[in-house]
>>> print(open('target_23.txt').read())   # compact mmCIF, C-alpha atoms
# COMPACT_ATOMS: atom_id res chain seq x y z
CA MET A 1 -22.86 -28.37 -12.04
CA ALA A 2 -21.34 -26.53 -9.08
CA THR A 3 -21.11 -22.75 -9.34
CA ALA A 4 -17.60 -21.32 -9.18
CA THR A 5 -16.87 -19.39 -6.00
CA PRO A 6 -16.53 -15.69 -6.87
CA THR A 7 -13.23 -13.97 -6.18
CA TYR A 8 -12.27 -10.31 -6.14
CA ASN A 9 -9.26 -8.23 -7.18
CA VAL A 10 -8.29 -6.40 -3.98
CA THR A 11 -5.71 -3.65 -3.37
CA LEU A 12 -4.59 -2.72 0.15
CA HIS A 13 -3.41 0.93 0.35
CA HIS A 14 -1.36 2.09 3.37
CA LEU A 15 -2.34 -1.19 5.07
CA ALA A 16 -0.42 -4.14 6.45
CA PRO A 17 -1.33 -7.63 5.14
CA GLY A 18 -4.78 -8.55 6.39
CA ALA A 19 -5.59 -4.84 7.02
CA VAL A 20 -4.54 -5.21 10.66
CA ALA A 21 -2.40 -2.04 10.77
CA ALA A 22 -2.06 1.25 8.89
CA GLY A 23 0.93 3.39 7.98
CA LEU A 24 2.76 5.21 5.21
CA ALA A 25 5.45 2.52 5.22
CA TYR A 26 3.11 -0.13 3.86
CA PRO A 27 3.24 -0.26 0.03
CA ASP A 28 0.16 -1.02 -2.07
CA GLU A 29 -0.50 -4.78 -1.99
CA GLN A 30 -2.29 -6.33 -4.97
CA LEU A 31 -4.36 -9.46 -4.21
CA PRO A 32 -5.69 -10.80 -7.53
CA ALA A 33 -8.08 -13.56 -6.39
CA VAL A 34 -9.56 -12.97 -2.93
CA PRO A 35 -12.51 -15.21 -1.89
CA LEU A 36 -15.50 -13.69 -0.14
CA ASN A 37 -14.59 -15.05 3.31
CA GLN A 38 -11.11 -13.48 3.16
CA LEU A 39 -12.56 -10.17 1.90
CA ARG A 40 -15.05 -10.18 4.79
CA GLU A 41 -12.22 -10.75 7.31
CA MET A 42 -10.19 -7.85 5.86
CA LEU A 43 -13.20 -5.50 6.04
CA TYR A 44 -13.85 -6.43 9.67
CA ALA A 45 -10.13 -5.94 10.40
CA LEU A 46 -10.28 -2.48 8.77
CA SER A 47 -13.40 -1.67 10.84
CA GLU A 48 -11.57 -2.63 14.04
CA LEU A 49 -8.50 -0.66 12.94
CA SER A 50 -10.56 2.46 12.14
CA SER A 51 -11.87 2.59 15.72
CA ARG A 52 -8.28 3.12 16.92
CA LEU A 53 -7.18 5.74 14.37
CA THR A 54 -6.95 9.41 15.31
CA ILE A 55 -7.17 12.61 13.27
CA TYR A 56 -3.37 12.79 13.44
CA GLU A 57 -2.88 9.55 11.47
CA PRO A 58 -0.80 10.59 8.40
CA SER A 59 -1.74 7.60 6.24
CA ALA A 60 -4.98 7.15 4.27
CA PRO A 61 -5.79 3.44 4.62
CA GLU A 62 -8.27 2.02 2.14
CA ILE A 63 -9.33 -1.24 0.50
CA ARG A 64 -10.12 -1.17 -3.22
CA ILE A 65 -12.30 -4.03 -4.50
CA LYS A 66 -12.56 -4.59 -8.26
CA THR A 67 -15.37 -6.72 -9.68
CA ASP A 68 -16.38 -7.36 -13.27
CA ARG A 69 -18.81 -4.43 -12.92
CA GLU A 70 -16.92 -1.62 -11.19
CA VAL A 71 -14.36 -0.63 -8.55
CA PHE A 72 -15.46 -0.14 -4.94
CA VAL A 73 -13.42 1.79 -2.35
CA VAL A 74 -13.70 1.44 1.45
CA ARG A 75 -11.89 3.97 3.65
CA THR A 76 -11.83 5.08 7.28
CA ARG A 77 -13.49 8.28 8.46
CA TYR A 78 -14.40 9.49 11.96
CA ARG A 79 -13.15 6.12 13.36
CA ARG A 80 -15.65 4.25 11.17
CA LEU A 81 -15.73 2.65 7.75
CA CYS A 82 -16.63 4.92 4.81
CA PHE A 83 -18.07 3.27 1.68
CA VAL A 84 -16.94 5.79 -0.95
CA GLY A 85 -19.72 6.89 -3.30
CA TYR A 86 -22.49 5.85 -0.92
CA GLU A 87 -22.17 8.67 1.63
CA THR A 88 -25.43 10.32 0.50
CA THR A 89 -27.37 7.05 0.68
CA LEU A 90 -26.04 6.24 4.16
CA ARG A 91 -25.74 9.76 5.58
CA GLY A 92 -26.07 9.54 9.35
CA GLU A 93 -25.90 5.73 9.33
CA GLU A 94 -23.00 3.36 9.83
CA HIS A 95 -21.35 1.96 6.72
CA SER A 96 -21.46 -1.64 7.98
CA VAL A 97 -19.49 -4.55 6.56
CA ALA A 98 -22.78 -6.34 5.84
CA TYR A 99 -24.06 -3.41 3.75
CA ILE A 100 -20.74 -3.07 1.90
CA LEU A 101 -20.61 -6.77 1.00
CA THR A 102 -24.29 -6.80 0.01
CA THR A 103 -23.65 -3.93 -2.41
CA ILE A 104 -20.49 -5.49 -3.84
CA THR A 105 -21.85 -9.03 -4.26
CA GLY A 106 -25.44 -8.10 -5.12
CA THR A 107 -26.70 -10.64 -2.56
CA THR A 108 -27.84 -10.41 1.05
CA GLU A 109 -24.90 -10.59 3.46
CA THR A 110 -25.86 -12.62 6.52
CA ALA A 111 -22.48 -13.29 8.16
CA LYS A 112 -21.75 -11.22 11.23
CA ALA A 113 -18.60 -10.30 13.10
CA PRO A 114 -17.65 -12.42 16.10
CA GLU A 115 -19.35 -11.28 19.27
CA PRO A 116 -16.94 -9.49 21.63
CA ARG A 117 -16.14 -11.20 24.88
CA ILE A 118 -17.56 -9.50 27.94
CA SER A 119 -15.77 -10.12 31.18
CA GLU A 120 -18.01 -10.39 34.23
CA ARG A 121 -16.93 -9.63 37.77
CA PRO A 122 -18.94 -10.57 40.84
CA ALA A 123 -20.63 -7.66 42.52
CA VAL A 124 -19.08 -6.52 45.77
CA ALA A 125 -21.49 -5.73 48.54
CA SER A 126 -21.15 -2.35 50.15
CA SER A 127 -23.07 -0.64 52.87
CA ARG A 128 -22.18 2.84 51.52
CA SER A 129 -24.81 4.75 49.53
CA PRO A 130 -24.01 4.98 45.77
CA LEU A 131 -24.05 8.78 45.92
CA GLU A 132 -22.18 9.07 49.20
CA ALA A 133 -18.58 10.29 49.01
CA PRO A 134 -15.85 10.13 51.67
CA ALA A 135 -15.21 13.34 53.51
CA GLY A 136 -13.08 15.86 51.60
CA ARG A 137 -13.65 14.20 48.19
CA PHE A 138 -15.72 15.35 45.17
CA PRO A 139 -19.32 14.08 45.64
CA ARG A 140 -20.26 11.21 43.33
CA TRP A 141 -23.51 12.87 42.25
CA ALA A 142 -21.48 15.84 40.97
CA LYS A 143 -19.19 13.51 38.99
CA ILE A 144 -22.24 11.85 37.43
CA ALA A 145 -23.69 15.24 36.48
CA VAL A 146 -20.43 16.36 34.85
CA MET A 147 -20.11 13.08 32.94
CA ALA A 148 -23.71 13.41 31.70
CA VAL A 149 -23.00 16.91 30.37
CA ILE A 150 -19.84 15.70 28.61
CA ILE A 151 -21.63 12.72 27.05
CA VAL A 152 -24.52 14.86 25.78
CA GLY A 153 -22.06 17.38 24.34
CA CYS A 154 -19.98 14.70 22.59
CA ASN A 155 -23.04 12.99 21.15
CA GLY A 156 -24.43 16.31 19.93
CA THR A 157 -21.14 17.19 18.23
CA ALA A 158 -20.91 13.75 16.60
CA ALA A 159 -24.50 13.99 15.32
CA TRP A 160 -23.84 17.44 13.85
CA MET A 161 -20.69 16.22 12.08
CA LEU A 162 -22.53 13.22 10.60
CA LEU A 163 -25.68 15.06 9.53
CA ARG A 164 -24.21 18.32 8.21
CA PRO A 165 -24.05 18.61 4.41
CA PRO A 166 -20.63 17.47 3.19
CA ASN A 167 -18.24 20.09 1.80
CA THR A 168 -17.81 19.55 -1.91
CA LEU A 169 -15.96 21.13 -4.83
CA ALA A 170 -18.24 19.47 -7.37
CA PRO A 171 -21.39 21.01 -8.92
CA LYS A 172 -24.63 19.07 -8.91
CA PHE A 173 -24.21 15.87 -10.90
CA THR A 174 -25.94 12.64 -11.86
CA LEU A 175 -23.87 9.45 -11.92
CA MET A 176 -23.83 7.39 -15.10
CA THR A 177 -24.62 3.69 -15.15
CA PRO A 178 -21.57 1.39 -14.77
CA SER A 179 -21.56 0.57 -18.51
CA GLU A 180 -21.82 4.24 -19.52
CA SER A 181 -19.08 5.15 -17.05
CA ALA A 182 -16.80 2.42 -18.42
CA THR A 183 -17.32 3.71 -21.98
CA LEU A 184 -16.48 7.28 -20.95
CA LEU A 185 -13.37 6.16 -19.01
CA ALA A 186 -12.12 4.22 -22.04
CA LYS A 187 -12.47 7.39 -24.11
CA VAL A 188 -10.83 9.74 -21.59
CA ALA A 189 -8.07 7.41 -20.31
CA GLY A 190 -4.54 8.67 -20.82
CA GLU A 191 -1.87 11.03 -19.46
CA TYR A 192 -2.55 14.76 -19.17
CA ARG A 193 -0.21 17.61 -18.19
CA THR A 194 -0.52 21.30 -17.38
CA GLY A 195 2.97 21.74 -18.83
CA SER A 196 6.39 20.11 -18.92
CA LEU A 197 8.33 22.26 -16.45
CA GLU A 198 9.11 21.97 -12.76
CA GLY A 199 5.99 22.90 -10.79
CA ASP A 200 3.58 21.75 -13.51
CA ARG A 201 1.16 18.93 -12.81
CA ARG A 202 0.45 15.53 -14.30
CA LEU A 203 -2.79 13.51 -14.25
CA ILE A 204 -3.05 9.88 -15.39
CA ILE A 205 -6.54 8.40 -15.80
CA ASP A 206 -6.95 4.66 -16.41
CA THR A 207 -9.88 2.62 -17.65
CA ILE A 208 -10.70 1.04 -14.27
CA GLY A 209 -11.52 4.42 -12.71
CA THR A 210 -8.30 5.49 -11.01
CA ALA A 211 -6.82 8.99 -11.36
CA ARG A 212 -3.20 9.53 -10.25
CA LEU A 213 -2.08 13.12 -9.71
CA ALA A 214 1.47 14.35 -9.19
CA LYS A 215 3.52 17.54 -9.34
CA PHE A 216 6.73 17.75 -11.35
CA GLY A 217 9.91 18.32 -9.36
CA PRO A 218 13.49 18.71 -10.60
CA ASN A 219 14.16 16.82 -13.85
CA LEU A 220 10.39 16.20 -14.13
CA SER A 221 10.50 13.71 -11.26
CA PRO A 222 6.93 13.26 -9.91
CA SER A 223 6.28 14.40 -6.34
CA GLN A 224 3.26 14.78 -4.02
CA PRO A 225 1.48 11.77 -5.57
CA THR A 226 -2.26 11.46 -4.93
CA THR A 227 -4.62 8.72 -6.06
CA LYS A 228 -8.37 9.23 -6.50
CA THR A 229 -11.19 7.13 -7.90
CA VAL A 230 -13.32 8.58 -10.69
CA ARG A 231 -16.67 7.69 -12.21
CA GLY A 232 -18.63 8.95 -15.18
CA ALA A 233 -21.38 11.49 -14.51
CA LEU A 234 -23.48 14.21 -16.13
CA VAL A 235 -22.86 17.81 -15.03
CA ASP A 236 -25.33 20.30 -16.52
CA GLY A 237 -26.18 17.62 -19.07
CA GLN A 238 -22.57 17.23 -20.21
CA PRO A 239 -20.29 14.18 -19.65
CA ALA A 240 -17.72 14.59 -16.85
CA LEU A 241 -15.79 12.55 -14.31
CA ILE A 242 -16.53 12.80 -10.59
CA THR A 243 -13.79 12.03 -8.06
CA ASN A 244 -14.39 10.45 -4.67
CA ASP A 245 -13.81 13.86 -2.93
CA PRO A 246 -16.11 14.63 -4.76
CA ALA A 247 -14.80 17.08 -7.38
CA ALA A 248 -15.55 17.39 -11.11
CA VAL A 249 -13.10 16.63 -13.90
CA VAL A 250 -14.52 18.80 -16.70
CA LEU A 251 -14.03 17.47 -20.24
CA LYS A 252 -13.40 20.50 -22.50
CA ASP A 253 -12.63 18.48 -25.64
CA ALA A 254 -11.02 15.17 -26.63
CA ASP A 255 -7.59 16.34 -25.43
CA THR A 256 -8.36 18.92 -22.71
CA ILE A 257 -9.66 18.50 -19.15
CA VAL A 258 -9.95 20.87 -16.17
CA LEU A 259 -9.54 19.85 -12.51
CA PHE A 260 -9.43 22.25 -9.54
CA GLY A 261 -9.13 25.17 -12.00
CA ASN A 262 -6.03 23.72 -13.70
CA THR A 263 -6.18 22.98 -17.43
CA TYR A 264 -4.54 19.71 -18.52
CA LYS A 265 -3.66 18.76 -22.10
CA ARG A 266 -3.36 15.18 -23.29
CA HIS A 267 0.33 14.22 -23.41
CA ALA A 268 1.57 12.43 -26.52
CA PRO A 269 4.65 10.40 -25.53
>>> encode(input="target_23.txt", output="structure tokens")
Amino acid sequence: MATATPTYNVTLHHLAPGAVAAGLAYPDEQLPAVPLNQLREMLYALSELSSRLTIYEPSAPEIRIKTDREVFVVRTRYRRLCFVGYETTLRGEEHSVAYILTTITGTTETAKAPEPRISERPAVASSRSPLEAPAGRFPRWAKIAVMAVIIVGCNGTAAWMLLRPPNTLAPKFTLMTPSESATLLAKVAGEYRTGSLEGDRRLIIDTIGTARLAKFGPNLSPSQPTTKTVRGALVDGQPALITNDPAAVVLKDADTIVLFGNTYKRHAP
């Protein structure tokens, strides 16, 4: 009997359909049954898009992939893909599409991106020496030397940024297994508030591992919304939730949690 082709529940955040463009104007797009080939194409499109993004890009493009085991998040960082939660494992290495799909599917990913086309131009013969410059112009050897210094400096800076320890607001933690994390999320899920006045904060945690933060404005209208992914972990031997930042959501009791120094109480509607 033929095996059913696996599909994935995919959410595009701040991304155009197909992940070909990024921007705040693009609403979250829910794709409930995405086959592997389509998921691969979107990841390669996001990889190509990330190479063109700058530090001034206001949006935070990401692809969330939900399987029957857990939720995976792929973002852009330093003009590359960032497989959230696997930064320590891949520190200093590229988060490739093949590695991401291998981790998500649990099988070896052999498909590769299309090879880029390389245009070739016939060489033009010249009797001038490669290092010779016309009179009154900057010598070519000096240009080469300057370019070499710039390249070495850029590569050194990039290596330092990739290899330096990441800044973190979370204490040392140990991630739970997917089943343990799912059990903890089912227990903690709900709406929490620091208060019910303008300026107070709200935090909604769901069972699939998404935490939505907002600040109350006039008439308790939510503003400054932020979405994070969370996963069960042990901090000093005690259950907690770790965000993708990462930061720790401390569980004080069944109805009280602490995040970024703010105490939230479970809200009973």
>>> closest_residue(input="target_23.txt", among="A:Asp200, A:Glu62, A:Glu48, A:Asp206", to="Phe83 of chain A", atoms="all atoms listed in the file")
A:Glu62
>>> atom_distance(input="target_23.txt", atom1="atom CA of Leu203 of chain A", atom2="atom CA of Ile100 of chain A")
29.3 Å
>>> residues_around(input="target_23.txt", residues="His95 of chain A", least_positions_apart="3", cutoff="9 Å", atoms="only C-alpha atoms", output="list in words")
Arg80, Leu81, Cys82, Phe83, Tyr86, Glu87, Leu90, Ala98, Tyr99 and Ile100 of chain A
>>> closest_residue(input="target_23.txt", among="A:Ile144, A:Ala254, A:Val74, A:Leu36", to="Gly190 of chain A", atoms="all atoms listed in the file")
A:Ala254
>>> residues_around(input="target_23.txt", residues="Leu49 of chain A", least_positions_apart="2", cutoff="9 Å", atoms="all atoms listed in the file", output="JSON, numbers by chain")
{"A": [19, 20, 21, 22, 44, 45, 46, 47, 51, 52, 53, 76, 79, 80]}
>>> atom_distance(input="target_23.txt", atom1="atom CA of His267 of chain A", atom2="atom CA of Val71 of chain A")
25.6 Å
